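Q: Here it is: the structure, laid out below.
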Amino acid sequence: MLQLDTDHPILDAAAVCFGRRGVRRTTIEDIAAEAGVSRITVYRQIGNRDEIVLRALLGVTDRFLQRAQPRLLACADLAEALTQLVMETLRAARRDDVLLLFASEEQGAAGRPISGAPAPLFALYGETVALLERELPGTLRPGTTPEEAGEWILRLTLSLLTIAPPAHRSRAETTRFVRRFITGGLGGTE
């Protein structure tokens, strides 16, 4: 399992500040004030601003995936669970309380990835895919690793967040669209 060092009061304070002011406008001073510590303490215990943002992002993402696991494991099969993972990630990325999910440069907007974020994000999603594949009927397409599937799920989700469809799709239509390409691209059926 990917080891994350994301459980820290300063990172909790950073997440509050990011939610209040946005990632771009939050300063080390803001985070220090929210945490009730000095700037030097922030630097010594966590690191620079980029490290804070990255660790906060990974913590938010890990907690989101942990909360989603019971619902995903309740799905009938792997393809349904992977589809549900995409749909839950879409909803979470649009919610303010999971504003960092896609390493966006600003709250509510999917922007360019934070330096160093893609590989550990792919690994986190890959771990979730591996768990789902172990526990649910169905398998990934031969030759596809769970980490590759996790990467593809994040890339698909980011695309769905940032590129409008040619015509409006309801949530049910989006779910059917995602399921069709999950099944075709990743497998998931017996």
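Naming works like this for the structure tokens: A, B, ... for the chains as they're shown, residue 1 at the start of each chain, ligands 1 onward in shown order.
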Determine, counting only C-alpha atoms, which protein, DNA and RNA residues have an atom within 7 Å of an atom of A:Asp77; residues of the same chain fewer than 5 positions away are not included. Present the result as a CSV table (one decimal) with C-alpha atoms, in the first residue's frame.

A:
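Result saved to part07.csv:
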chain,number,residue,atom,x,y,z
A,136,LEU,CA,-15.7,-8.4,-7.2
A,137,PRO,CA,-16.6,-10.6,-10.1
A,138,GLY,CA,-14.8,-9.6,-13.3

Q: Which neighbours of A:Ala68 fall inside 10 Å, counting only C-alpha atoms, when residues of the same chain fewer than 3 positions from it are skipped, and could you give them as an NGL selection string?

A: :A and (62-65 or 71-73 or 84-85 or 88-89 or 128)

Q: Any chance you could export the current selection's N, CA and C atoms as an mmCIF file, in the first residue's frame?

A:
data_model
loop_
_atom_site.group_PDB
_atom_site.id
_atom_site.type_symbol
_atom_site.label_atom_id
_atom_site.label_comp_id
_atom_site.auth_asym_id
_atom_site.auth_seq_id
_atom_site.Cartn_x
_atom_site.Cartn_y
_atom_site.Cartn_z
ATOM 1 N N ASP A 62 -6.849 10.326 -0.654
ATOM 2 C CA ASP A 62 -6.842 9.059 0.082
ATOM 3 C C ASP A 62 -8.096 8.938 0.945
ATOM 4 N N ARG A 63 -8.463 9.983 1.655
ATOM 5 C CA ARG A 63 -9.669 9.936 2.492
ATOM 6 C C ARG A 63 -10.923 9.747 1.643
ATOM 7 N N PHE A 64 -10.990 10.411 0.485
ATOM 8 C CA PHE A 64 -12.120 10.232 -0.426
ATOM 9 C C PHE A 64 -12.227 8.767 -0.859
ATOM 10 N N LEU A 65 -11.119 8.184 -1.276
ATOM 11 C CA LEU A 65 -11.146 6.791 -1.742
ATOM 12 C C LEU A 65 -11.510 5.826 -0.614
ATOM 13 N N ARG A 71 -19.084 1.654 -0.743
ATOM 14 C CA ARG A 71 -20.073 1.769 -1.820
ATOM 15 C C ARG A 71 -19.594 1.053 -3.078
ATOM 16 N N LEU A 72 -18.313 1.151 -3.355
ATOM 17 C CA LEU A 72 -17.768 0.493 -4.536
ATOM 18 C C LEU A 72 -17.806 -1.024 -4.383
ATOM 19 N N LEU A 73 -17.497 -1.509 -3.189
ATOM 20 C CA LEU A 73 -17.507 -2.951 -2.940
ATOM 21 C C LEU A 73 -18.915 -3.530 -2.923
ATOM 22 N N GLN A 84 -18.789 3.394 -11.152
ATOM 23 C CA GLN A 84 -19.175 4.137 -9.949
ATOM 24 C C GLN A 84 -18.014 4.985 -9.444
ATOM 25 N N LEU A 85 -16.788 4.441 -9.516
ATOM 26 C CA LEU A 85 -15.605 5.192 -9.091
ATOM 27 C C LEU A 85 -15.447 6.461 -9.922
ATOM 28 N N GLU A 88 -18.363 8.876 -8.882
ATOM 29 C CA GLU A 88 -18.150 9.467 -7.555
ATOM 30 C C GLU A 88 -16.992 10.460 -7.580
ATOM 31 N N THR A 89 -15.962 10.156 -8.360
ATOM 32 C CA THR A 89 -14.838 11.083 -8.472
ATOM 33 C C THR A 89 -15.282 12.376 -9.147
ATOM 34 N N THR A 128 -7.036 1.188 -5.294
ATOM 35 C CA THR A 128 -8.483 0.989 -5.218
ATOM 36 C C THR A 128 -8.941 0.016 -6.286
#

Q: Would you mind listing what lies within 10 Å of A:Gly36 as an MDAnalysis selection string, with only C-alpha atoms counted and same-chain residues fewer than 3 positions away left out?

A: chainID A and resid 9:10 13 30:33 39 41

Q: Find the residues of stretch 68-166 of chain A that sit at most 12 Å from stretch 175-185 of chain A; for each, write down the nearest two atoms and how far apart they are in Å, to one decimal. Count only C-alpha atoms. Sort by chain, then by number going up, and give it as CSV.

A:
residue,atom,partner,partner_atom,distance
A:Asp77,CA,A:Thr183,CA,10.9
A:Leu78,CA,A:Thr183,CA,9.1
A:Ala79,CA,A:Thr183,CA,5.9
A:Glu80,CA,A:Arg179,CA,7.0
A:Ala81,CA,A:Arg179,CA,9.5
A:Leu82,CA,A:Ile182,CA,7.0
A:Thr83,CA,A:Arg179,CA,5.3
A:Gln84,CA,A:Thr175,CA,8.0
A:Leu85,CA,A:Val178,CA,10.3
A:Val86,CA,A:Val178,CA,7.7
A:Met87,CA,A:Thr175,CA,6.9
A:Glu88,CA,A:Thr175,CA,10.4
A:Leu90,CA,A:Thr175,CA,10.8
A:Arg91,CA,A:Thr175,CA,12.0
A:Gly138,CA,A:Thr183,CA,10.1
A:Thr139,CA,A:Thr183,CA,10.2
A:Leu140,CA,A:Gly185,CA,9.0
A:Arg141,CA,A:Gly185,CA,7.6
A:Pro142,CA,A:Gly185,CA,10.8
A:Gly143,CA,A:Gly185,CA,11.8
A:Thr144,CA,A:Gly185,CA,9.7
A:Glu148,CA,A:Gly185,CA,11.3
A:Ala149,CA,A:Gly185,CA,9.2
A:Gly150,CA,A:Ile182,CA,11.5
A:Trp152,CA,A:Gly185,CA,9.2
A:Ile153,CA,A:Ile182,CA,8.6
A:Leu156,CA,A:Val178,CA,8.8
A:Thr157,CA,A:Val178,CA,9.4
A:Ser159,CA,A:Val178,CA,11.6
A:Leu160,CA,A:Val178,CA,9.5
A:Pro165,CA,A:Phe177,CA,10.9

Q: Restricting it to N, CA and C atoms, dump the selection as an mmCIF file, in the first residue's frame.

A:
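Result file follows (selection-v4.cif):
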data_model
loop_
_atom_site.group_PDB
_atom_site.id
_atom_site.type_symbol
_atom_site.label_atom_id
_atom_site.label_comp_id
_atom_site.auth_asym_id
_atom_site.auth_seq_id
_atom_site.Cartn_x
_atom_site.Cartn_y
_atom_site.Cartn_z
ATOM 1 N N ASP A 77 -20.405 -5.955 -9.876
ATOM 2 C CA ASP A 77 -19.223 -6.475 -10.565
ATOM 3 C C ASP A 77 -18.186 -5.369 -10.738
ATOM 4 N N LEU A 78 -17.018 -5.747 -11.247
ATOM 5 C CA LEU A 78 -15.911 -4.812 -11.389
ATOM 6 C C LEU A 78 -16.254 -3.649 -12.313
ATOM 7 N N ALA A 79 -16.902 -3.940 -13.441
ATOM 8 C CA ALA A 79 -17.235 -2.859 -14.379
ATOM 9 C C ALA A 79 -18.166 -1.836 -13.729
ATOM 10 N N GLU A 80 -19.148 -2.314 -12.972
ATOM 11 C CA GLU A 80 -20.049 -1.391 -12.276
ATOM 12 C C GLU A 80 -19.279 -0.573 -11.241
ATOM 13 N N ALA A 81 -18.368 -1.218 -10.508
ATOM 14 C CA ALA A 81 -17.585 -0.518 -9.483
ATOM 15 C C ALA A 81 -16.674 0.533 -10.103
ATOM 16 N N LEU A 82 -16.032 0.213 -11.224
ATOM 17 C CA LEU A 82 -15.152 1.180 -11.881
ATOM 18 C C LEU A 82 -15.953 2.356 -12.427
ATOM 19 N N THR A 83 -17.132 2.062 -12.966
ATOM 20 C CA THR A 83 -18.024 3.129 -13.435
ATOM 21 C C THR A 83 -18.427 4.015 -12.263
ATOM 22 N N GLN A 84 -18.789 3.394 -11.152
ATOM 23 C CA GLN A 84 -19.175 4.137 -9.949
ATOM 24 C C GLN A 84 -18.014 4.985 -9.444
ATOM 25 N N LEU A 85 -16.788 4.441 -9.516
ATOM 26 C CA LEU A 85 -15.605 5.192 -9.091
ATOM 27 C C LEU A 85 -15.447 6.461 -9.922
ATOM 28 N N VAL A 86 -15.629 6.362 -11.222
ATOM 29 C CA VAL A 86 -15.549 7.546 -12.081
ATOM 30 C C VAL A 86 -16.640 8.543 -11.694
ATOM 31 N N MET A 87 -17.860 8.061 -11.543
ATOM 32 C CA MET A 87 -18.975 8.970 -11.252
ATOM 33 C C MET A 87 -18.815 9.624 -9.880
ATOM 34 N N GLU A 88 -18.363 8.876 -8.882
ATOM 35 C CA GLU A 88 -18.150 9.467 -7.555
ATOM 36 C C GLU A 88 -16.992 10.460 -7.580
ATOM 37 N N LEU A 90 -16.121 12.269 -10.166
ATOM 38 C CA LEU A 90 -16.663 13.471 -10.816
ATOM 39 C C LEU A 90 -17.416 14.337 -9.809
ATOM 40 N N ARG A 91 -18.299 13.710 -9.050
ATOM 41 C CA ARG A 91 -19.069 14.478 -8.058
ATOM 42 C C ARG A 91 -18.144 15.089 -7.017
ATOM 43 N N GLY A 138 -15.305 -10.310 -12.161
ATOM 44 C CA GLY A 138 -14.776 -9.611 -13.323
ATOM 45 C C GLY A 138 -13.289 -9.383 -13.178
ATOM 46 N N THR A 139 -12.648 -9.112 -14.292
ATOM 47 C CA THR A 139 -11.208 -8.860 -14.291
ATOM 48 C C THR A 139 -10.899 -7.732 -15.247
ATOM 49 N N LEU A 140 -9.742 -7.138 -15.039
ATOM 50 C CA LEU A 140 -9.263 -6.135 -15.986
ATOM 51 C C LEU A 140 -8.883 -6.824 -17.280
ATOM 52 N N ARG A 141 -8.871 -6.052 -18.341
ATOM 53 C CA ARG A 141 -8.438 -6.572 -19.632
ATOM 54 C C ARG A 141 -7.031 -7.145 -19.470
ATOM 55 N N PRO A 142 -6.741 -8.307 -20.075
ATOM 56 C CA PRO A 142 -5.401 -8.897 -19.945
ATOM 57 C C PRO A 142 -4.308 -7.900 -20.328
ATOM 58 N N GLY A 143 -3.260 -7.853 -19.497
ATOM 59 C CA GLY A 143 -2.145 -6.947 -19.733
ATOM 60 C C GLY A 143 -2.318 -5.581 -19.110
ATOM 61 N N THR A 144 -3.485 -5.303 -18.513
ATOM 62 C CA THR A 144 -3.738 -4.015 -17.875
ATOM 63 C C THR A 144 -3.509 -4.155 -16.381
ATOM 64 N N GLU A 148 -2.346 1.157 -14.084
ATOM 65 C CA GLU A 148 -2.702 1.708 -15.396
ATOM 66 C C GLU A 148 -4.195 2.027 -15.455
ATOM 67 N N ALA A 149 -5.004 1.146 -14.888
ATOM 68 C CA ALA A 149 -6.448 1.386 -14.858
ATOM 69 C C ALA A 149 -6.759 2.627 -14.019
ATOM 70 N N GLY A 150 -6.063 2.786 -12.887
ATOM 71 C CA GLY A 150 -6.243 3.973 -12.060
ATOM 72 C C GLY A 150 -5.877 5.235 -12.814
ATOM 73 N N TRP A 152 -5.943 5.621 -16.086
ATOM 74 C CA TRP A 152 -6.948 5.834 -17.124
ATOM 75 C C TRP A 152 -8.223 6.426 -16.519
ATOM 76 N N ILE A 153 -8.621 5.939 -15.344
ATOM 77 C CA ILE A 153 -9.819 6.461 -14.680
ATOM 78 C C ILE A 153 -9.648 7.940 -14.353
ATOM 79 N N LEU A 156 -9.737 9.921 -17.656
ATOM 80 C CA LEU A 156 -11.111 9.980 -18.144
ATOM 81 C C LEU A 156 -11.920 10.991 -17.341
ATOM 82 N N THR A 157 -11.796 10.933 -16.032
ATOM 83 C CA THR A 157 -12.549 11.838 -15.168
ATOM 84 C C THR A 157 -12.165 13.289 -15.424
ATOM 85 N N SER A 159 -11.018 14.527 -18.147
ATOM 86 C CA SER A 159 -11.588 14.884 -19.441
ATOM 87 C C SER A 159 -13.074 15.205 -19.306
ATOM 88 N N LEU A 160 -13.803 14.381 -18.558
ATOM 89 C CA LEU A 160 -15.230 14.630 -18.369
ATOM 90 C C LEU A 160 -15.481 15.934 -17.619
ATOM 91 N N PRO A 165 -19.529 17.729 -23.379
ATOM 92 C CA PRO A 165 -19.960 16.786 -24.423
ATOM 93 C C PRO A 165 -20.611 17.542 -25.575
#

Q: Determine which residues of stretch 33-124 of chain A receive a DSSP assignment of helix (DSSP H, G or I), computed from the backbone, and state them as JSON, numbers by chain.

A: {"A": [33, 34, 35, 39, 40, 41, 42, 43, 44, 45, 49, 50, 51, 52, 53, 54, 55, 56, 57, 58, 59, 60, 61, 62, 63, 64, 65, 66, 67, 68, 69, 70, 71, 72, 73, 78, 79, 80, 81, 82, 83, 84, 85, 86, 87, 88, 89, 90, 91, 92, 93, 94, 96, 97, 98, 118, 119, 120, 121, 122, 123, 124]}

Q: Which residue is closest to A:Ala117? Choose from A:Leu131, A:Gly47, A:Ser170, A:Gly59 and count only C-alpha atoms.

A: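 Looking at the shortest contact to A:Ala117, the residue is A:Gly59.
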
Q: How many Å separate atom CA of A:Leu54 from atom CA of A:Leu121?

A: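 Atom CA of A:Leu54 sits 10.1 Å away from atom CA of A:Leu121.
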
Q: Nearest residue to A:Leu57 out of A:Gln69, A:Ala130, A:Thr27, A:Leu11, using only C-alpha atoms?

A: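 Comparing A:Gln69, A:Ala130, A:Thr27, A:Leu11 against A:Leu57, the winner is A:Leu11.
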